[in-house]
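Structure file data_16.pdb; described as PDB, C-alpha atoms and all ligand atoms.
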ATOM      1  CA  MET A   1      -8.443  -3.234   3.028
ATOM      2  CA  LYS A   2      -7.645  -0.673   0.364
ATOM      3  CA  PRO A   3      -4.004  -0.446  -0.734
ATOM      4  CA  GLU A   4      -1.942   2.652   0.057
ATOM      5  CA  VAL A   5       0.415   1.891  -2.830
ATOM      6  CA  VAL A   6      -0.387   0.228  -6.175
ATOM      7  CA  VAL A   7       2.397  -1.033  -8.423
ATOM      8  CA  VAL A   8       1.683  -1.691 -12.099
ATOM      9  CA  GLY A   9       4.668  -3.566 -13.474
ATOM     10  CA  SER A  10       6.781  -6.618 -14.109
ATOM     11  CA  ALA A  11       7.679  -9.765 -12.247
ATOM     12  CA  ASN A  12      10.786 -11.646 -13.409
ATOM     13  CA  LEU A  13      12.677 -14.719 -12.380
ATOM     14  CA  ASP A  14      16.257 -13.468 -12.003
ATOM     15  CA  LEU A  15      18.900 -15.952 -13.193
ATOM     16  CA  VAL A  16      21.977 -14.590 -11.480
ATOM     17  CA  VAL A  17      25.663 -15.460 -11.933
ATOM     18  CA  ASP A  18      28.574 -13.862 -10.083
ATOM     19  CA  VAL A  19      31.438 -12.776 -12.322
ATOM     20  CA  ALA A  20      34.774 -11.095 -11.686
ATOM     21  CA  THR A  21      33.960  -8.317 -14.147
ATOM     22  CA  ILE A  22      31.051  -7.734 -16.537
ATOM     23  CA  PRO A  23      31.968  -9.343 -19.904
ATOM     24  CA  VAL A  24      32.527  -7.047 -22.857
ATOM     25  CA  ALA A  25      30.924  -7.698 -26.274
ATOM     26  CA  GLY A  26      32.269 -10.925 -27.816
ATOM     27  CA  GLU A  27      33.839 -12.147 -24.555
ATOM     28  CA  THR A  28      33.078 -15.550 -22.931
ATOM     29  CA  ILE A  29      33.901 -15.871 -19.236
ATOM     30  CA  HIS A  30      33.363 -18.300 -16.365
ATOM     31  CA  GLY A  31      31.040 -17.283 -13.544
ATOM     32  CA  GLY A  32      29.836 -18.752 -10.244
ATOM     33  CA  ASP A  33      26.861 -21.043  -9.583
ATOM     34  CA  LEU A  34      23.504 -20.107 -11.122
ATOM     35  CA  GLN A  35      21.007 -18.653  -8.634
ATOM     36  CA  ARG A  36      17.254 -18.276  -9.174
ATOM     37  CA  ILE A  37      15.933 -15.237  -7.314
ATOM     38  CA  PRO A  38      12.535 -13.469  -7.500
ATOM     39  CA  GLY A  39      12.831 -10.067  -9.147
ATOM     40  CA  GLY A  40      11.344  -7.763 -11.760
ATOM     41  CA  LYS A  41      11.235  -4.006 -11.253
ATOM     42  CA  GLY A  42       7.499  -3.925 -10.546
ATOM     43  CA  ALA A  43       7.525  -6.811  -8.100
ATOM     44  CA  ASN A  44      10.652  -5.478  -6.404
ATOM     45  CA  GLN A  45       9.060  -2.057  -5.880
ATOM     46  CA  ALA A  46       5.901  -3.682  -4.510
ATOM     47  CA  VAL A  47       7.898  -5.847  -2.095
ATOM     48  CA  ALA A  48      10.074  -2.867  -1.106
ATOM     49  CA  ALA A  49       7.063  -0.775  -0.057
ATOM     50  CA  ALA A  50       5.433  -3.760   1.692
ATOM     51  CA  ARG A  51       8.622  -4.525   3.705
ATOM     52  CA  LEU A  52       8.531  -0.902   4.887
ATOM     53  CA  GLY A  53       5.051  -1.592   6.263
ATOM     54  CA  ARG A  54       2.735  -0.323   3.513
ATOM     55  CA  ARG A  55      -0.455  -1.940   2.221
ATOM     56  CA  VAL A  56       0.489  -2.691  -1.374
ATOM     57  CA  ALA A  57      -1.312  -4.230  -4.355
ATOM     58  CA  MET A  58       0.389  -5.351  -7.546
ATOM     59  CA  VAL A  59      -1.071  -5.321 -11.067
ATOM     60  CA  GLY A  60       0.852  -7.472 -13.548
ATOM     61  CA  ARG A  61       1.119 -10.798 -15.331
ATOM     62  CA  VAL A  62       3.136 -13.976 -14.862
ATOM     63  CA  GLY A  63       3.168 -17.097 -17.026
ATOM     64  CA  ASP A  64       1.573 -20.449 -16.211
ATOM     65  CA  ASP A  65       4.978 -22.009 -15.564
ATOM     66  CA  GLU A  66       6.923 -22.957 -12.455
ATOM     67  CA  ALA A  67       8.580 -19.518 -12.409
ATOM     68  CA  GLY A  68       5.149 -17.873 -12.325
ATOM     69  CA  THR A  69       4.142 -19.944  -9.299
ATOM     70  CA  MET A  70       7.390 -19.060  -7.546
ATOM     71  CA  LEU A  71       7.110 -15.335  -8.332
ATOM     72  CA  ARG A  72       3.500 -15.106  -7.157
ATOM     73  CA  ALA A  73       4.385 -16.888  -3.903
ATOM     74  CA  ALA A  74       7.384 -14.612  -3.276
ATOM     75  CA  ILE A  75       5.386 -11.411  -3.811
ATOM     76  CA  ALA A  76       2.452 -12.639  -1.716
ATOM     77  CA  SER A  77       4.729 -13.769   1.108
ATOM     78  CA  ALA A  78       5.967 -10.168   1.447
ATOM     79  CA  GLY A  79       2.340  -9.195   2.185
ATOM     80  CA  VAL A  80       1.523  -7.734  -1.238
ATOM     81  CA  ASP A  81      -2.070  -8.210  -2.486
ATOM     82  CA  VAL A  82      -1.701 -10.301  -5.677
ATOM     83  CA  THR A  83      -5.399 -10.425  -6.650
ATOM     84  CA  GLU A  84      -4.609  -8.391  -9.799
ATOM     85  CA  LEU A  85      -1.425 -10.327 -10.625
ATOM     86  CA  LEU A  86      -2.889 -12.311 -13.505
ATOM     87  CA  THR A  87      -1.680 -15.516 -15.132
ATOM     88  CA  THR A  88      -1.235 -15.801 -18.913
ATOM     89  CA  GLU A  89      -1.737 -19.325 -20.244
ATOM     90  CA  SER A  90       0.829 -21.063 -22.476
ATOM     91  CA  THR A  91       3.313 -18.256 -21.865
ATOM     92  CA  ALA A  92       6.626 -18.130 -20.034
ATOM     93  CA  SER A  93       7.081 -15.772 -17.108
ATOM     94  CA  GLY A  94       9.502 -12.868 -17.434
ATOM     95  CA  VAL A  95      13.148 -13.804 -16.936
ATOM     96  CA  ALA A  96      16.153 -11.557 -16.271
ATOM     97  CA  LEU A  97      19.701 -12.730 -16.999
ATOM     98  CA  ILE A  98      21.921 -10.940 -14.485
ATOM     99  CA  ALA A  99      25.703 -10.860 -14.127
ATOM    100  CA  VAL A 100      26.879  -9.446 -10.789
ATOM    101  CA  ALA A 101      30.494  -8.248 -10.719
ATOM    102  CA  ALA A 102      32.843  -8.373  -7.721
ATOM    103  CA  ASP A 103      32.391  -4.617  -7.148
ATOM    104  CA  GLY A 104      28.585  -5.078  -6.831
ATOM    105  CA  GLU A 105      27.735  -3.598 -10.242
ATOM    106  CA  ASN A 106      25.563  -5.613 -12.603
ATOM    107  CA  SER A 107      24.331  -5.988 -16.147
ATOM    108  CA  ILE A 108      20.810  -7.213 -16.902
ATOM    109  CA  VAL A 109      19.039  -8.601 -19.976
ATOM    110  CA  VAL A 110      15.263  -9.051 -19.605
ATOM    111  CA  SER A 111      13.109 -11.500 -21.562
ATOM    112  CA  PRO A 112       9.657 -10.000 -20.861
ATOM    113  CA  GLY A 113       7.484 -13.111 -21.408
ATOM    114  CA  ALA A 114       4.079 -12.658 -19.764
ATOM    115  CA  ASN A 115       4.923  -9.082 -18.709
ATOM    116  CA  ASN A 116       4.412  -8.087 -22.344
ATOM    117  CA  ARG A 117       0.809  -9.346 -22.187
ATOM    118  CA  LEU A 118      -0.316  -6.817 -19.591
ATOM    119  CA  SER A 119      -3.061  -4.853 -21.354
ATOM    120  CA  PRO A 120      -4.824  -1.539 -20.678
ATOM    121  CA  ALA A 121      -7.963  -3.605 -19.910
ATOM    122  CA  ASP A 122      -6.056  -5.536 -17.210
ATOM    123  CA  VAL A 123      -5.035  -2.248 -15.628
ATOM    124  CA  GLU A 124      -8.522  -0.737 -15.931
ATOM    125  CA  SER A 125      -9.958  -3.708 -14.065
ATOM    126  CA  ALA A 126      -7.829  -2.555 -11.110
ATOM    127  CA  ALA A 127      -9.119   1.041 -11.402
ATOM    128  CA  GLY A 128     -10.740   0.899  -7.935
ATOM    129  CA  ALA A 129      -7.367   0.206  -6.301
ATOM    130  CA  LEU A 130      -5.608   2.817  -8.441
ATOM    131  CA  GLN A 131      -8.185   5.433  -7.469
ATOM    132  CA  SER A 132      -7.931   4.754  -3.760
ATOM    133  CA  ALA A 133      -4.120   4.459  -3.544
ATOM    134  CA  LYS A 134      -2.097   7.433  -2.351
ATOM    135  CA  VAL A 135       0.828   6.413  -4.566
ATOM    136  CA  THR A 136       1.126   4.539  -7.873
ATOM    137  CA  LEU A 137       4.516   3.142  -8.930
ATOM    138  CA  LEU A 138       5.241   2.508 -12.625
ATOM    139  CA  GLN A 139       8.216   1.281 -14.681
ATOM    140  CA  LEU A 140       8.703   0.321 -18.336
ATOM    141  CA  GLU A 141       9.067  -3.478 -18.224
ATOM    142  CA  VAL A 142       5.390  -3.801 -19.252
ATOM    143  CA  PRO A 143       3.812  -2.297 -22.409
ATOM    144  CA  VAL A 144       3.655   1.490 -22.415
ATOM    145  CA  GLU A 145      -0.098   1.227 -23.184
ATOM    146  CA  ALA A 146      -0.580  -0.433 -19.788
ATOM    147  CA  VAL A 147       1.497   2.293 -18.130
ATOM    148  CA  THR A 148      -0.614   4.945 -19.845
ATOM    149  CA  ALA A 149      -3.818   3.251 -18.645
ATOM    150  CA  ALA A 150      -2.462   3.295 -15.088
ATOM    151  CA  VAL A 151      -1.707   7.019 -15.330
ATOM    152  CA  ARG A 152      -5.286   7.623 -16.540
ATOM    153  CA  CYS A 153      -6.812   5.674 -13.625
ATOM    154  CA  ALA A 154      -4.541   6.832 -10.788
ATOM    155  CA  THR A 155      -5.620   9.761  -8.649
ATOM    156  CA  GLY A 156      -2.749   9.863  -6.131
ATOM    157  CA  VAL A 157       0.942  10.651  -6.619
ATOM    158  CA  VAL A 158       2.299   8.884  -9.738
ATOM    159  CA  LEU A 159       5.975   7.883  -9.954
ATOM    160  CA  LEU A 160       7.609   6.506 -13.104
ATOM    161  CA  THR A 161      10.951   4.729 -13.240
ATOM    162  CA  PRO A 162      11.874   4.958 -16.955
ATOM    163  CA  ALA A 163      13.618   1.570 -16.996
ATOM    164  CA  PRO A 164      14.533  -0.019 -19.286
ATOM    165  CA  ALA A 165      15.261   3.360 -20.857
ATOM    166  CA  PRO A 166      12.809   3.998 -23.705
ATOM    167  CA  ARG A 167      14.447   3.831 -27.156
ATOM    168  CA  VAL A 168      11.788   6.107 -28.627
ATOM    169  CA  PRO A 169      10.704   9.248 -26.786
ATOM    170  CA  LEU A 170       7.786   8.761 -24.419
ATOM    171  CA  ASP A 171       4.589  10.596 -25.238
ATOM    172  CA  GLU A 172       4.650  14.153 -23.837
ATOM    173  CA  ASP A 173       1.118  13.807 -22.466
ATOM    174  CA  LEU A 174       2.185  10.713 -20.544
ATOM    175  CA  LEU A 175       5.300  12.419 -19.164
ATOM    176  CA  SER A 176       3.462  15.533 -18.152
ATOM    177  CA  SER A 177       0.970  13.414 -16.179
ATOM    178  CA  ILE A 178       3.784  11.954 -14.062
ATOM    179  CA  ASP A 179       4.346  13.605 -10.682
ATOM    180  CA  VAL A 180       7.872  12.318 -10.143
ATOM    181  CA  ILE A 181      10.110  10.617 -12.717
ATOM    182  CA  VAL A 182      12.979   8.583 -11.217
ATOM    183  CA  PRO A 183      15.694   7.819 -13.807
ATOM    184  CA  ASN A 184      19.231   6.690 -13.065
ATOM    185  CA  GLN A 185      22.101   8.422 -14.852
ATOM    186  CA  SER A 186      22.154   6.098 -17.834
ATOM    187  CA  GLU A 187      18.358   6.276 -18.293
ATOM    188  CA  LEU A 188      18.530  10.048 -18.093
ATOM    189  CA  ALA A 189      21.298  10.118 -20.688
ATOM    190  CA  THR A 190      19.248   7.924 -23.050
ATOM    191  CA  MET A 191      16.119  10.014 -22.586
ATOM    192  CA  THR A 192      17.755  13.401 -22.962
ATOM    193  CA  GLY A 193      20.943  12.726 -24.926
ATOM    194  CA  GLN A 194      22.637  14.841 -22.247
ATOM    195  CA  ALA A 195      24.561  12.616 -19.825
ATOM    196  CA  GLN A 196      26.228  15.589 -18.154
ATOM    197  CA  LEU A 197      22.887  16.790 -16.771
ATOM    198  CA  ALA A 198      22.999  14.143 -14.087
ATOM    199  CA  ALA A 199      26.659  14.275 -13.145
ATOM    200  CA  SER A 200      26.949  14.817  -9.412
ATOM    201  CA  GLY A 201      28.517  18.130  -8.522
ATOM    202  CA  GLU A 202      26.626  19.880 -11.287
ATOM    203  CA  VAL A 203      23.600  20.497  -9.140
ATOM    204  CA  ASN A 204      22.195  23.919  -9.820
ATOM    205  CA  ALA A 205      19.109  25.725 -11.012
ATOM    206  CA  GLU A 206      20.400  25.748 -14.602
ATOM    207  CA  VAL A 207      20.434  21.948 -14.592
ATOM    208  CA  ALA A 208      16.916  21.934 -13.158
ATOM    209  CA  VAL A 209      15.548  24.220 -15.832
ATOM    210  CA  GLU A 210      17.149  22.187 -18.626
ATOM    211  CA  LEU A 211      15.939  18.885 -17.181
ATOM    212  CA  ALA A 212      12.407  20.201 -16.816
ATOM    213  CA  ARG A 213      12.542  21.255 -20.462
ATOM    214  CA  VAL A 214      13.576  17.822 -21.762
ATOM    215  CA  ILE A 215      11.484  15.729 -19.350
ATOM    216  CA  PRO A 216       8.151  17.456 -18.707
ATOM    217  CA  ALA A 217       7.267  15.635 -15.462
ATOM    218  CA  ALA A 218       6.415  17.741 -12.408
ATOM    219  CA  ALA A 219       9.659  16.728 -10.691
ATOM    220  CA  ALA A 220      12.574  14.360 -11.162
ATOM    221  CA  VAL A 221      14.724  12.426  -8.741
ATOM    222  CA  VAL A 222      17.865  11.284 -10.529
ATOM    223  CA  THR A 223      19.521   8.382  -8.742
ATOM    224  CA  LEU A 224      23.333   8.589  -8.619
ATOM    225  CA  GLY A 225      24.291   5.209  -7.104
ATOM    226  CA  SER A 226      26.584   5.578  -4.096
ATOM    227  CA  GLU A 227      26.527   9.373  -4.587
ATOM    228  CA  GLY A 228      22.835   9.498  -3.578
ATOM    229  CA  ALA A 229      20.301  11.359  -5.684
ATOM    230  CA  MET A 230      19.546  14.714  -7.207
ATOM    231  CA  VAL A 231      16.089  16.183  -6.540
ATOM    232  CA  VAL A 232      14.973  18.392  -9.395
ATOM    233  CA  THR A 233      11.916  20.640  -9.545
ATOM    234  CA  PRO A 234      11.215  23.031 -12.441
ATOM    235  CA  ASP A 235      13.301  25.808 -10.944
ATOM    236  CA  ASP A 236      15.740  24.228  -8.520
ATOM    237  CA  ALA A 237      17.862  21.187  -7.748
ATOM    238  CA  CYS A 238      19.520  19.751  -4.676
ATOM    239  CA  HIS A 239      21.867  16.872  -4.014
ATOM    240  CA  VAL A 240      20.888  14.334  -1.338
ATOM    241  CA  ARG A 241      23.911  12.261  -0.310
ATOM    242  CA  ALA A 242      23.659   8.543   0.452
ATOM    243  CA  PRO A 243      25.212   6.863   3.504
ATOM    244  CA  GLN A 244      28.398   5.014   2.576
ATOM    245  CA  VAL A 245      27.973   1.252   3.023
ATOM    246  CA  ALA A 246      29.836  -1.933   2.087
ATOM    247  CA  SER A 247      27.999  -2.708  -1.124
ATOM    248  CA  LEU A 248      27.677  -6.364  -2.167
ATOM    249  CA  ASP A 249      25.107  -6.247  -4.985
ATOM    250  CA  THR A 250      23.344  -3.202  -6.437
ATOM    251  CA  THR A 251      20.522  -5.227  -8.069
ATOM    252  CA  ALA A 252      17.151  -3.682  -7.143
ATOM    253  CA  ALA A 253      18.710  -0.723  -5.295
ATOM    254  CA  GLY A 254      16.695   1.580  -7.567
ATOM    255  CA  ASP A 255      13.555  -0.415  -6.788
ATOM    256  CA  ALA A 256      14.226  -0.206  -3.051
ATOM    257  CA  PHE A 257      14.644   3.548  -3.555
ATOM    258  CA  CYS A 258      11.264   3.874  -5.319
ATOM    259  CA  GLY A 259       9.491   1.708  -2.739
ATOM    260  CA  ALA A 260      10.874   4.027  -0.053
ATOM    261  CA  LEU A 261       9.771   7.160  -1.917
ATOM    262  CA  ALA A 262       6.257   5.679  -2.046
ATOM    263  CA  ASP A 263       6.425   4.841   1.652
ATOM    264  CA  ALA A 264       7.350   8.429   2.505
ATOM    265  CA  PHE A 265       4.745   9.955   0.172
ATOM    266  CA  VAL A 266       1.990   7.923   1.854
ATOM    267  CA  ASP A 267       2.900   9.827   5.032
ATOM    268  CA  GLY A 268       2.811  13.135   3.135
ATOM    269  CA  ALA A 269       6.579  13.730   3.111
ATOM    270  CA  ASP A 270       7.921  16.363   0.728
ATOM    271  CA  LEU A 271      10.239  15.409  -2.132
ATOM    272  CA  VAL A 272      13.507  16.139  -0.337
ATOM    273  CA  ALA A 273      12.486  14.360   2.881
ATOM    274  CA  ALA A 274      11.249  11.372   0.856
ATOM    275  CA  THR A 275      14.560  11.257  -1.025
ATOM    276  CA  GLN A 276      16.542  11.443   2.229
ATOM    277  CA  TRP A 277      14.708   8.284   3.358
ATOM    278  CA  ALA A 278      15.011   6.602  -0.071
ATOM    279  CA  VAL A 279      18.817   6.973  -0.285
ATOM    280  CA  LYS A 280      19.093   5.161   3.049
ATOM    281  CA  VAL A 281      16.786   2.307   1.999
ATOM    282  CA  GLY A 282      18.540   2.034  -1.391
ATOM    283  CA  ALA A 283      21.975   1.929   0.251
ATOM    284  CA  VAL A 284      20.957  -0.763   2.744
ATOM    285  CA  SER A 285      19.535  -2.910  -0.070
ATOM    286  CA  THR A 286      23.004  -3.081  -1.664
ATOM    287  CA  MET A 287      24.416  -4.706   1.489
ATOM    288  CA  ARG A 288      22.504  -7.911   0.730
ATOM    289  CA  TYR A 289      22.499 -10.151  -2.309
ATOM    290  CA  GLY A 290      19.757 -10.530  -4.919
ATOM    291  CA  ALA A 291      16.672  -8.504  -5.782
ATOM    292  CA  GLN A 292      13.747  -9.232  -3.437
ATOM    293  CA  PRO A 293      15.842 -10.898  -0.673
ATOM    294  CA  SER A 294      17.842  -7.659  -0.356
ATOM    295  CA  LEU A 295      14.870  -5.350   0.266
ATOM    296  CA  PRO A 296      14.951  -4.120   3.871
ATOM    297  CA  SER A 297      12.355  -3.624   6.557
ATOM    298  CA  ARG A 298      12.311  -0.374   8.552
ATOM    299  CA  ALA A 299      14.214  -2.150  11.361
ATOM    300  CA  ASP A 300      16.833  -3.435   8.896
ATOM    301  CA  VAL A 301      17.491   0.119   7.742
ATOM    302  CA  GLU A 302      18.009   1.326  11.309
ATOM    303  CA  ASN A 303      20.130  -1.660  12.360
ATOM    304  CA  LEU A 304      22.312  -1.868   9.280
ATOM    305  CA  LEU A 305      23.034   1.840   9.201
ATOM    306  CA  THR A 306      23.958   2.075  12.877
ATOM    307  CA  ASN A 307      26.239  -1.015  12.918
TER
HETATM  308  O1  LIG B   1      15.827  -3.528 -10.983
HETATM  309  C1  LIG B   1      16.300  -4.843 -10.849
HETATM  310  C2  LIG B   1      15.450  -5.779 -11.661
HETATM  311  O2  LIG B   1      15.612  -5.480 -13.028
HETATM  312  C3  LIG B   1      15.817  -7.230 -11.547
HETATM  313  O3  LIG B   1      15.171  -7.872 -10.475
HETATM  314  C4  LIG B   1      15.450  -7.783 -12.906
HETATM  315  O4  LIG B   1      14.382  -8.670 -12.884
HETATM  316  C5  LIG B   1      15.161  -6.572 -13.780
HETATM  317  O5  LIG B   1      13.821  -6.385 -13.942
END
Translate this file's structure into structure tokens.
Ligand code: RIB
Amino acid sequence: MKPEVVVVGSANLDLVVDVATIPVAGETIHGGDLQRIPGGKGANQAVAAARLGRRVAMVGRVGDDEAGTMLRAAIASAGVDVTELLTTESTASGVALIAVAADGENSIVVSPGANNRLSPADVESAAGALQSAKVTLLQLEVPVEAVTAAVRCATGVVLLTPAPAPRVPLDEDLLSSIDVIVPNQSELATMTGQAQLAASGEVNAEVAVELARVIPAAAAVVTLGSEGAMVVTPDDACHVRAPQVASLDTTAAGDAFCGALADAFVDGADLVAATQWAVKVGAVSTMRYGAQPSLPSRADVENLLTN
């Protein structure tokens, strides 16, 4: 069966340690026991959309190590088609070193490993899936050339999460081919040099016009953590508030959010309605620990938000 959503992106083994607070530069601290959890922004977004009931295929690369076997199994067990999740020989899988603080915030360092080997040719070999999918989800944990190839092949709605934030400006042609860009506040600040654009409470048409000028995607949804998200089109902006929940771990909340946007777009939802659904799914994902284990089903969202 043809996928409704295709994700071109990374798969990482998350090595997670709980800490009281995120260490500052030069500081050594004790943390809790090491946990090994399947993650990676691409894989998380694929699993997020699949848990919400979508037919999803993932295009990416893992290494020929034990982590690669574990990551492939985790993604497949969520129901994602992993035919185009390729294996790179003699290469380590992607790994993310994650510290999770007591308040649920985190810091992440990614060693890309096999993710860096994803080529435009790999993506082009999945062109059939990209052409039939209603939604394509992209991030920046794989080479930008692979992301560009995906944009060329995709015919449905294309979403880009610009994470990790690009250190050099992304190509304008690439950005203007994106239907919806989904940065968080720090990614937006890196991309625009204007952190104040995303501050909640400053939601107005002036912000929208300025954002559209510096990021030439058709629309932007700026995620604001527990404050929800700001939906920005070239001439307007609106703030969508998130439900308040007891947050345990924010890892992959942005990925849950993007998976939910894709889920809503498959049904033809508009940007605001899709964001109203995504803030709920993102919030619920923070109530559980880890990346992929935290991603909710539709029933989880209903149950956890009503209890
Ligand atoms: O967005 C969360 C993800 O970022 C983690 O799972 C980690 O692997 C990094 O890619």
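Shortest atom-to-atom contact with ligand LIG 1 (chain B) among A:Gly113, A:Gly32, A:Pro23, A:Gly39: A:Gly39, counting all atoms listed in the file.
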### Task
Name every residue that the PyMOL selection byres (((not hetatm)) within 6 of (chain B and resi 1)) selects in this structure, writing the answer as an NGL selection string with chains first and numbers rising.
:A and (12 or 14 or 39-41 or 96 or 251-252 or 255 or 291)
- Message: Neighbouring residues of segment 33-35 of chain A were defined as those with any atom within 10 Å, considering all atoms listed in the file; residues of the same chain fewer than 5 positions away were excluded. Please report them as a ChimeraX atom specification.
- Response: /A:13-19,98-99,290
Please produce a file of those selected residues containing C-alpha atoms, as an mmCIF file, in the frame of the given file.
data_model
loop_
_atom_site.group_PDB
_atom_site.id
_atom_site.type_symbol
_atom_site.label_atom_id
_atom_site.label_comp_id
_atom_site.auth_asym_id
_atom_site.auth_seq_id
_atom_site.Cartn_x
_atom_site.Cartn_y
_atom_site.Cartn_z
ATOM 1 C CA LEU A 13 12.677 -14.719 -12.380
ATOM 2 C CA ASP A 14 16.257 -13.468 -12.003
ATOM 3 C CA LEU A 15 18.900 -15.952 -13.193
ATOM 4 C CA VAL A 16 21.977 -14.590 -11.480
ATOM 5 C CA VAL A 17 25.663 -15.460 -11.933
ATOM 6 C CA ASP A 18 28.574 -13.862 -10.083
ATOM 7 C CA VAL A 19 31.438 -12.776 -12.322
ATOM 8 C CA ILE A 98 21.921 -10.940 -14.485
ATOM 9 C CA ALA A 99 25.703 -10.860 -14.127
ATOM 10 C CA GLY A 290 19.757 -10.530 -4.919
#
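Within the 8 Å cut-off around Gln45 of chain A, using only C-alpha atoms and omitting residues fewer than 6 positions from it on the same chain, the listed residues are Val7, Leu137, Asp255, Ala256, Cys258 and Gly259 of chain A.
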Separating atom CA of Pro164 of chain A from atom CA of Leu140 of chain A, to the nearest tenth of an Å, is a gap of 5.9 Å
(request) Convert the output of the PyMOL selection byres (((chain A and resi 215-226) around 9) and not hetatm) on the shown file into explicit residues, formatted as a PyMOL selection string. (result) chain A and resi 172-185+188+191-192+198-200+208+210-214+227-234+241-245+247+250+253-254+257+271+275+279+282-283
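All residues of protein, DNA or RNA that reach within 6 Å of Gly9 of chain A, judged by all atoms listed in the file and not counting those fewer than 5 positions away in the chain, are Gly42, Gly60 and Val142 of chain A.
Checking A:Ala25, A:Leu160, A:Val301, A:Leu86 one by one against Ala114 of chain A, counting all atoms listed in the file, you find the shortest gap at A:Leu86.
The closest residue to Val56 of chain A, picked from A:Thr306, A:Thr148, A:Ser132, A:Ser10 and counting all atoms listed in the file, is A:Ser132.
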